[in-house]
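So this block is run.cif, mmCIF, C-alpha atoms, pLDDT in the B column; chains and numbers go by the auth columns:
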data_run
#
loop_
_atom_site.group_PDB
_atom_site.id
_atom_site.type_symbol
_atom_site.label_atom_id
_atom_site.label_comp_id
_atom_site.label_asym_id
_atom_site.label_seq_id
_atom_site.Cartn_x
_atom_site.Cartn_y
_atom_site.Cartn_z
_atom_site.B_iso_or_equiv
_atom_site.auth_seq_id
_atom_site.auth_asym_id
ATOM 1 C CA MET A 1 95.150 -76.391 37.871 49.00 1 A
ATOM 2 C CA GLY A 2 93.914 -79.409 39.759 51.00 2 A
ATOM 3 C CA LYS A 3 90.311 -79.372 38.523 55.00 3 A
ATOM 4 C CA SER A 4 89.209 -79.117 34.964 53.00 4 A
ATOM 5 C CA SER A 5 85.688 -77.993 34.304 55.00 5 A
ATOM 6 C CA ILE A 6 83.698 -76.958 31.347 61.00 6 A
ATOM 7 C CA PRO A 7 82.690 -73.366 31.613 64.00 7 A
ATOM 8 C CA GLY A 8 78.963 -72.965 32.280 62.00 8 A
ATOM 9 C CA ALA A 9 78.379 -76.656 33.217 56.00 9 A
ATOM 10 C CA PRO A 10 76.568 -77.255 36.520 58.00 10 A
ATOM 11 C CA PRO A 11 78.541 -78.947 39.297 63.00 11 A
ATOM 12 C CA ARG A 12 78.034 -82.727 39.646 63.00 12 A
ATOM 13 C CA SER A 13 75.946 -82.449 42.809 65.00 13 A
ATOM 14 C CA ARG A 14 73.474 -80.152 41.056 70.00 14 A
ATOM 15 C CA ARG A 15 73.109 -82.593 38.140 70.00 15 A
ATOM 16 C CA TRP A 16 72.027 -85.300 40.557 67.00 16 A
ATOM 17 C CA VAL A 17 69.392 -83.030 42.089 72.00 17 A
ATOM 18 C CA VAL A 18 68.041 -82.216 38.627 73.00 18 A
ATOM 19 C CA ALA A 19 67.803 -85.969 37.747 73.00 19 A
ATOM 20 C CA LEU A 20 66.106 -86.916 41.039 75.00 20 A
ATOM 21 C CA PRO A 21 62.501 -86.119 39.920 79.00 21 A
ATOM 22 C CA LEU A 22 63.007 -88.204 36.783 79.00 22 A
ATOM 23 C CA VAL A 23 64.240 -91.165 38.851 78.00 23 A
ATOM 24 C CA GLY A 24 61.251 -90.773 41.213 78.00 24 A
ATOM 25 C CA PHE A 25 58.805 -90.653 38.312 79.00 25 A
ATOM 26 C CA MET A 26 60.315 -93.787 36.760 79.00 26 A
ATOM 27 C CA ALA A 27 60.032 -95.646 40.086 77.00 27 A
ATOM 28 C CA VAL A 28 56.356 -94.697 40.509 78.00 28 A
ATOM 29 C CA ALA A 29 55.598 -95.600 36.865 72.00 29 A
ATOM 30 C CA GLY A 30 57.298 -98.974 37.353 70.00 30 A
ATOM 31 C CA LEU A 31 55.198 -99.729 40.453 69.00 31 A
ATOM 32 C CA PHE A 32 52.055 -98.682 38.606 63.00 32 A
ATOM 33 C CA LEU A 33 52.810 -101.009 35.681 64.00 33 A
ATOM 34 C CA LEU A 34 53.677 -103.858 38.033 64.00 34 A
ATOM 35 C CA ARG A 35 50.301 -103.521 39.800 60.00 35 A
ATOM 36 C CA LEU A 36 48.448 -103.075 36.510 56.00 36 A
ATOM 37 C CA TYR A 37 49.848 -106.160 34.781 56.00 37 A
ATOM 38 C CA GLY A 38 51.023 -108.199 37.738 53.00 38 A
ATOM 39 C CA GLY A 39 47.834 -110.097 38.594 49.00 39 A
ATOM 40 C CA ASP A 40 44.811 -111.884 37.291 47.00 40 A
ATOM 41 C CA PRO A 41 41.840 -109.501 37.094 47.00 41 A
ATOM 42 C CA ALA A 42 39.499 -112.454 37.548 47.00 42 A
ATOM 43 C CA LYS A 43 40.852 -112.791 41.069 51.00 43 A
ATOM 44 C CA LEU A 44 39.506 -109.473 42.278 51.00 44 A
ATOM 45 C CA PRO A 45 38.579 -109.862 45.923 56.00 45 A
ATOM 46 C CA SER A 46 34.901 -109.916 46.783 66.00 46 A
ATOM 47 C CA ALA A 47 33.629 -108.785 50.154 75.00 47 A
ATOM 48 C CA LEU A 48 30.673 -111.155 49.671 86.00 48 A
ATOM 49 C CA ILE A 49 32.637 -114.422 49.662 93.00 49 A
ATOM 50 C CA GLY A 50 31.510 -116.418 52.693 93.00 50 A
ATOM 51 C CA ARG A 51 28.431 -114.248 53.188 95.00 51 A
ATOM 52 C CA PRO A 52 24.786 -114.982 52.393 96.00 52 A
ATOM 53 C CA ALA A 53 23.640 -114.222 48.861 96.00 53 A
ATOM 54 C CA PRO A 54 21.874 -110.853 48.694 96.00 54 A
ATOM 55 C CA GLN A 55 18.188 -110.968 49.524 95.00 55 A
ATOM 56 C CA THR A 56 17.335 -109.213 46.282 94.00 56 A
ATOM 57 C CA ALA A 57 14.138 -110.264 44.533 97.00 57 A
ATOM 58 C CA LEU A 58 14.067 -109.507 40.802 98.00 58 A
ATOM 59 C CA PRO A 59 11.055 -109.775 38.485 98.00 59 A
ATOM 60 C CA PRO A 60 10.934 -112.380 35.717 98.00 60 A
ATOM 61 C CA LEU A 61 11.817 -111.675 32.109 98.00 61 A
ATOM 62 C CA GLN A 62 8.269 -111.323 30.786 97.00 62 A
ATOM 63 C CA GLY A 63 7.538 -113.571 27.829 96.00 63 A
ATOM 64 C CA LEU A 64 10.394 -115.992 28.572 97.00 64 A
ATOM 65 C CA VAL A 65 8.621 -119.324 28.549 95.00 65 A
ATOM 66 C CA GLN A 66 9.980 -122.825 29.043 93.00 66 A
ATOM 67 C CA ASP A 67 7.758 -125.884 28.523 92.00 67 A
ATOM 68 C CA GLY A 68 4.757 -123.564 28.228 94.00 68 A
ATOM 69 C CA VAL A 69 5.381 -121.912 31.607 96.00 69 A
ATOM 70 C CA GLN A 70 6.804 -118.454 32.404 97.00 70 A
ATOM 71 C CA VAL A 71 10.395 -118.782 33.685 98.00 71 A
ATOM 72 C CA PRO A 72 10.355 -117.373 37.230 98.00 72 A
ATOM 73 C CA GLY A 73 12.328 -114.331 38.340 98.00 73 A
ATOM 74 C CA LEU A 74 14.839 -114.302 41.162 97.00 74 A
ATOM 75 C CA ASP A 75 13.542 -115.103 44.639 97.00 75 A
ATOM 76 C CA PRO A 76 16.307 -115.308 47.277 96.00 76 A
ATOM 77 C CA ALA A 77 14.672 -118.458 48.676 96.00 77 A
ATOM 78 C CA VAL A 78 15.900 -120.434 45.623 96.00 78 A
ATOM 79 C CA PHE A 79 19.424 -120.479 47.053 96.00 79 A
ATOM 80 C CA LYS A 80 18.529 -122.686 50.012 94.00 80 A
ATOM 81 C CA GLY A 81 19.164 -126.403 49.620 95.00 81 A
ATOM 82 C CA LYS A 82 20.770 -126.501 46.155 96.00 82 A
ATOM 83 C CA VAL A 83 24.111 -125.419 44.729 98.00 83 A
ATOM 84 C CA SER A 84 23.519 -122.501 42.372 98.00 84 A
ATOM 85 C CA VAL A 85 25.552 -120.829 39.667 98.00 85 A
ATOM 86 C CA VAL A 86 24.493 -117.201 39.239 98.00 86 A
ATOM 87 C CA ASN A 87 25.454 -115.516 35.986 98.00 87 A
ATOM 88 C CA VAL A 88 25.053 -111.775 35.410 98.00 88 A
ATOM 89 C CA TRP A 89 24.643 -111.204 31.672 98.00 89 A
ATOM 90 C CA ALA A 90 23.222 -108.932 28.978 98.00 90 A
ATOM 91 C CA SER A 91 22.490 -109.296 25.277 98.00 91 A
ATOM 92 C CA TRP A 92 24.628 -106.231 24.486 98.00 92 A
ATOM 93 C CA CYS A 93 27.657 -107.791 26.235 97.00 93 A
ATOM 94 C CA VAL A 94 30.020 -109.320 23.638 97.00 94 A
ATOM 95 C CA PRO A 95 31.763 -111.727 26.075 97.00 95 A
ATOM 96 C CA CYS A 96 28.309 -112.924 27.204 98.00 96 A
ATOM 97 C CA HIS A 97 27.746 -114.242 23.669 97.00 97 A
ATOM 98 C CA ASP A 98 31.063 -116.089 23.849 96.00 98 A
ATOM 99 C CA GLU A 99 30.292 -117.755 27.190 97.00 99 A
ATOM 100 C CA ALA A 100 26.645 -118.666 26.404 97.00 100 A
ATOM 101 C CA PRO A 101 27.407 -122.128 24.889 97.00 101 A
ATOM 102 C CA LEU A 102 29.475 -123.058 27.951 97.00 102 A
ATOM 103 C CA LEU A 103 26.648 -122.024 30.282 97.00 103 A
ATOM 104 C CA THR A 104 24.229 -124.077 28.175 96.00 104 A
ATOM 105 C CA GLU A 105 26.517 -127.081 28.672 95.00 105 A
ATOM 106 C CA LEU A 106 26.706 -126.367 32.409 96.00 106 A
ATOM 107 C CA GLY A 107 22.908 -126.136 32.568 94.00 107 A
ATOM 108 C CA LYS A 108 22.695 -129.858 31.724 95.00 108 A
ATOM 109 C CA ASP A 109 24.227 -130.736 35.120 96.00 109 A
ATOM 110 C CA LYS A 110 21.160 -131.627 37.221 95.00 110 A
ATOM 111 C CA ARG A 111 23.131 -131.428 40.487 96.00 111 A
ATOM 112 C CA LEU A 112 22.927 -127.641 40.387 96.00 112 A
ATOM 113 C CA GLN A 113 20.706 -124.812 39.195 97.00 113 A
ATOM 114 C CA LEU A 114 21.643 -121.891 36.977 98.00 114 A
ATOM 115 C CA VAL A 115 20.264 -118.489 37.873 98.00 115 A
ATOM 116 C CA GLY A 116 20.498 -115.601 35.423 98.00 116 A
ATOM 117 C CA ILE A 117 20.491 -111.924 36.272 98.00 117 A
ATOM 118 C CA ASN A 118 19.748 -109.942 33.128 98.00 118 A
ATOM 119 C CA TYR A 119 21.570 -106.622 33.549 98.00 119 A
ATOM 120 C CA LYS A 120 20.224 -103.353 32.102 97.00 120 A
ATOM 121 C CA ASP A 121 18.851 -104.998 28.985 97.00 121 A
ATOM 122 C CA ALA A 122 15.844 -104.548 26.701 97.00 122 A
ATOM 123 C CA PRO A 123 13.419 -107.479 27.264 97.00 123 A
ATOM 124 C CA ASP A 124 13.094 -108.234 23.534 98.00 124 A
ATOM 125 C CA ASN A 125 16.881 -108.368 23.143 98.00 125 A
ATOM 126 C CA ALA A 126 17.260 -110.590 26.211 98.00 126 A
ATOM 127 C CA ARG A 127 14.637 -113.049 24.938 98.00 127 A
ATOM 128 C CA ARG A 128 16.276 -113.096 21.483 97.00 128 A
ATOM 129 C CA PHE A 129 19.654 -113.773 23.119 98.00 129 A
ATOM 130 C CA LEU A 130 18.281 -116.775 25.032 97.00 130 A
ATOM 131 C CA GLY A 131 16.417 -117.942 21.940 96.00 131 A
ATOM 132 C CA ARG A 132 19.640 -117.916 19.954 96.00 132 A
ATOM 133 C CA TYR A 133 21.790 -119.852 22.444 95.00 133 A
ATOM 134 C CA GLY A 134 19.159 -121.711 24.451 94.00 134 A
ATOM 135 C CA ASN A 135 18.087 -120.873 27.975 97.00 135 A
ATOM 136 C CA PRO A 136 20.233 -122.698 30.543 97.00 136 A
ATOM 137 C CA PHE A 137 18.632 -120.797 33.461 98.00 137 A
ATOM 138 C CA SER A 138 15.974 -122.120 35.837 97.00 138 A
ATOM 139 C CA PHE A 139 15.377 -118.540 37.004 98.00 139 A
ATOM 140 C CA VAL A 140 15.955 -115.244 35.187 98.00 140 A
ATOM 141 C CA GLY A 141 15.682 -112.047 37.187 98.00 141 A
ATOM 142 C CA VAL A 142 15.557 -108.717 35.381 98.00 142 A
ATOM 143 C CA ASP A 143 17.829 -106.022 36.830 98.00 143 A
ATOM 144 C CA GLY A 144 16.693 -103.113 34.716 96.00 144 A
ATOM 145 C CA ASN A 145 18.312 -100.343 36.743 96.00 145 A
ATOM 146 C CA GLY A 146 21.393 -102.249 37.959 95.00 146 A
ATOM 147 C CA ARG A 147 20.651 -101.935 41.688 95.00 147 A
ATOM 148 C CA GLY A 148 20.375 -105.674 42.224 96.00 148 A
ATOM 149 C CA SER A 149 23.758 -106.225 40.615 96.00 149 A
ATOM 150 C CA ILE A 150 25.264 -103.584 42.886 95.00 150 A
ATOM 151 C CA GLU A 151 24.058 -105.617 45.874 95.00 151 A
ATOM 152 C CA TRP A 152 25.840 -108.629 44.369 96.00 152 A
ATOM 153 C CA GLY A 153 29.034 -106.549 44.093 94.00 153 A
ATOM 154 C CA VAL A 154 29.119 -106.746 40.300 94.00 154 A
ATOM 155 C CA TYR A 155 31.869 -104.714 38.588 89.00 155 A
ATOM 156 C CA GLY A 156 30.533 -105.349 35.084 91.00 156 A
ATOM 157 C CA VAL A 157 29.056 -108.080 32.937 96.00 157 A
ATOM 158 C CA PRO A 158 29.615 -110.933 32.719 97.00 158 A
ATOM 159 C CA GLU A 159 30.251 -112.158 36.234 97.00 159 A
ATOM 160 C CA THR A 160 29.525 -115.577 37.673 97.00 160 A
ATOM 161 C CA PHE A 161 28.998 -116.683 41.277 98.00 161 A
ATOM 162 C CA VAL A 162 28.865 -120.088 42.924 98.00 162 A
ATOM 163 C CA VAL A 163 26.384 -120.180 45.802 98.00 163 A
ATOM 164 C CA GLY A 164 26.406 -123.120 48.235 97.00 164 A
ATOM 165 C CA ARG A 165 23.441 -125.089 49.564 97.00 165 A
ATOM 166 C CA GLU A 166 23.210 -122.823 52.609 96.00 166 A
ATOM 167 C CA GLY A 167 22.797 -119.767 50.392 96.00 167 A
ATOM 168 C CA THR A 168 26.364 -118.555 50.951 97.00 168 A
ATOM 169 C CA ILE A 169 28.486 -117.106 48.149 97.00 169 A
ATOM 170 C CA LEU A 170 31.497 -119.389 47.782 97.00 170 A
ATOM 171 C CA TYR A 171 33.191 -118.082 44.643 97.00 171 A
ATOM 172 C CA LYS A 172 33.094 -115.145 42.233 96.00 172 A
ATOM 173 C CA MET A 173 34.473 -115.083 38.691 96.00 173 A
ATOM 174 C CA VAL A 174 34.941 -111.646 37.151 95.00 174 A
ATOM 175 C CA GLY A 175 34.820 -111.721 33.371 95.00 175 A
ATOM 176 C CA PRO A 176 33.581 -114.331 30.946 97.00 176 A
ATOM 177 C CA VAL A 177 33.521 -118.073 31.355 97.00 177 A
ATOM 178 C CA THR A 178 35.976 -119.345 28.737 96.00 178 A
ATOM 179 C CA LYS A 179 37.040 -122.778 27.549 95.00 179 A
ATOM 180 C CA ALA A 180 40.233 -122.322 29.569 93.00 180 A
ATOM 181 C CA ASN A 181 38.651 -121.390 32.910 96.00 181 A
ATOM 182 C CA PHE A 182 35.495 -123.525 32.512 96.00 182 A
ATOM 183 C CA GLU A 183 37.240 -126.814 33.318 94.00 183 A
ATOM 184 C CA THR A 184 40.150 -125.566 35.424 95.00 184 A
ATOM 185 C CA VAL A 185 38.383 -122.978 37.588 96.00 185 A
ATOM 186 C CA LEU A 186 34.589 -122.858 37.457 97.00 186 A
ATOM 187 C CA LYS A 187 33.938 -126.609 37.456 96.00 187 A
ATOM 188 C CA VAL A 188 36.496 -127.055 40.243 97.00 188 A
ATOM 189 C CA GLU A 189 34.699 -124.465 42.395 97.00 189 A
ATOM 190 C CA ILE A 190 31.332 -126.087 41.645 97.00 190 A
ATOM 191 C CA GLU A 191 32.650 -129.519 42.644 97.00 191 A
ATOM 192 C CA LYS A 192 33.918 -128.057 45.931 97.00 192 A
ATOM 193 C CA ALA A 193 30.447 -126.638 46.595 97.00 193 A
ATOM 194 C CA LEU A 194 28.770 -129.942 45.772 96.00 194 A
ATOM 195 C CA LYS A 195 30.837 -131.874 48.364 92.00 195 A
#
Could the structure of this file be written out as structure tokens, please?
Amino acid sequence: MGKSSIPGAPPRSRRWVVALPLVGFMAVAGLFLLRLYGGDPAKLPSALIGRPAPQTALPPLQGLVQDGVQVPGLDPAVFKGKVSVVNVWASWCVPCHDEAPLLTELGKDKRLQLVGINYKDAPDNARRFLGRYGNPFSFVGVDGNGRGSIEWGVYGVPETFVVGREGTILYKMVGPVTKANFETVLKVEIEKALK
């Protein structure tokens, strides 16, 4: 009696074959989790970096007045000759409310212009939003059906772009502008564009 075995137990080689799918599943799940939590979602690549800003004209937000004059909509010609920060926002977007005071602060920098793209929003709600926080934008284009934002490569609101003097997209931030990334990321990218 050289080998002792339990009656009815599968041989060792068969146990390994039975465990193989479980090991494979665990490996795939581990890779999935690594990719899911292993990077900064704000660093999603954009195919538009280094390319001209989309030539998308958007109508103005009717009734949005500054100094007694209607705030103009988005005309692609505004990107030539001045560094621009383009922010895609909506009144129904909770993070947009959080980032609004930071954009208002940024709007005080006269070296650049802020351009707003109001995404799939009711005009009354959009005007109320800007009335509540102040309007930092020199231009506000209304993207009622979302097609203009698709041309900008927007995943969802809010998103912010830095456009250089030549009208080229230099940087894209996915997600809200926060106190943490305002100084360390967005302002750094703006300073690069201003040089």
Please, which residues in region 44-83 of chain A fall within 10 Å of region 143-154 of chain A when counting all atoms listed in the file, and what is the closest atom pair and distance in Å to one decimal for each, ordered by chain then residue number, as JSON lines?
{"residue": "A:Ser46", "atom": "CA", "partner": "A:Gly153", "partner_atom": "CA", "distance": 7.3}
{"residue": "A:Ala47", "atom": "CA", "partner": "A:Gly153", "partner_atom": "CA", "distance": 7.9}
{"residue": "A:Leu48", "atom": "CA", "partner": "A:Gly153", "partner_atom": "CA", "distance": 7.4}
{"residue": "A:Ala53", "atom": "CA", "partner": "A:Trp152", "partner_atom": "CA", "distance": 7.5}
{"residue": "A:Pro54", "atom": "CA", "partner": "A:Trp152", "partner_atom": "CA", "distance": 6.3}
{"residue": "A:Gln55", "atom": "CA", "partner": "A:Glu151", "partner_atom": "CA", "distance": 8.7}
{"residue": "A:Thr56", "atom": "CA", "partner": "A:Gly148", "partner_atom": "CA", "distance": 6.2}
{"residue": "A:Ala57", "atom": "CA", "partner": "A:Gly148", "partner_atom": "CA", "distance": 8.1}
{"residue": "A:Leu58", "atom": "CA", "partner": "A:Asp143", "partner_atom": "CA", "distance": 6.5}
{"residue": "A:Pro59", "atom": "CA", "partner": "A:Asp143", "partner_atom": "CA", "distance": 7.9}
{"residue": "A:Pro60", "atom": "CA", "partner": "A:Asp143", "partner_atom": "CA", "distance": 9.4}
{"residue": "A:Leu61", "atom": "CA", "partner": "A:Asp143", "partner_atom": "CA", "distance": 9.5}
{"residue": "A:Leu74", "atom": "CA", "partner": "A:Asp143", "partner_atom": "CA", "distance": 9.8}
Selection near Thr160 (chain A), 7 Å with all atoms listed in the file, sequence-local residues under 6 positions removed, as JSON, numbers by chain: {"A": [85, 86, 87, 88, 172, 173, 174]}
Å distance separating CA of Phe129 (chain A) from CA of Gly167 (chain A), one decimal place: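 CA of Gly167 (chain A) lies at a distance of 28.1 Å from CA of Phe129 (chain A).
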Result set of the PyMOL selection byres ((chain A and resi 126) around 12) on the coordinates above, as an MDAnalysis selection string: chainID A and resid 60:64 89:93 96:97 116:125 127:135 140:144
Å distance separating CA of Gly164 (chain A) from CA of Lys82 (chain A), one decimal place: 6.9 Å
To test your reading of the syntax: which residues would the PyMOL selection byres ((chain A and resi 169) around 7) return for the file shown? Reply as a CSV table (one decimal) with C-alpha atoms, in the coordinates of the input.
chain,number,residue,atom,x,y,z
A,48,LEU,CA,30.7,-111.2,49.7
A,49,ILE,CA,32.6,-114.4,49.7
A,50,GLY,CA,31.5,-116.4,52.7
A,51,ARG,CA,28.4,-114.2,53.2
A,52,PRO,CA,24.8,-115.0,52.4
A,53,ALA,CA,23.6,-114.2,48.9
A,161,PHE,CA,29.0,-116.7,41.3
A,162,VAL,CA,28.9,-120.1,42.9
A,163,VAL,CA,26.4,-120.2,45.8
A,164,GLY,CA,26.4,-123.1,48.2
A,167,GLY,CA,22.8,-119.8,50.4
A,168,THR,CA,26.4,-118.6,51.0
A,170,LEU,CA,31.5,-119.4,47.8
A,171,TYR,CA,33.2,-118.1,44.6
Using only the atoms of region 141-159 of chain A listed in the file, plus 3 Å on each side, state the axis-aligned box centre and edge lengths in Å rounded to one decimal, as AutoDock Vina command-line options.
--center_x 23.7 --center_y -106.3 --center_z 39.3 --size_x 22.3 --size_y 17.8 --size_z 19.2
Output check: residues returned by the PyMOL selection byres ((chain A and resi 71) around 7), as a list in words: Pro60, Leu64, Val65, Gln66, Val69, Gln70, Pro72, Gly73, Ser138, Phe139 and Val140 of chain A
CA of Leu102 (chain A) to CA of Thr178 (chain A), straight-line distance in Å: 7.5 Å
Nearest-residue call for Glu105 (chain A), choices A:Tyr155, A:Phe182, A:Phe79, A:Phe25, using all atoms listed in the file: A:Phe182
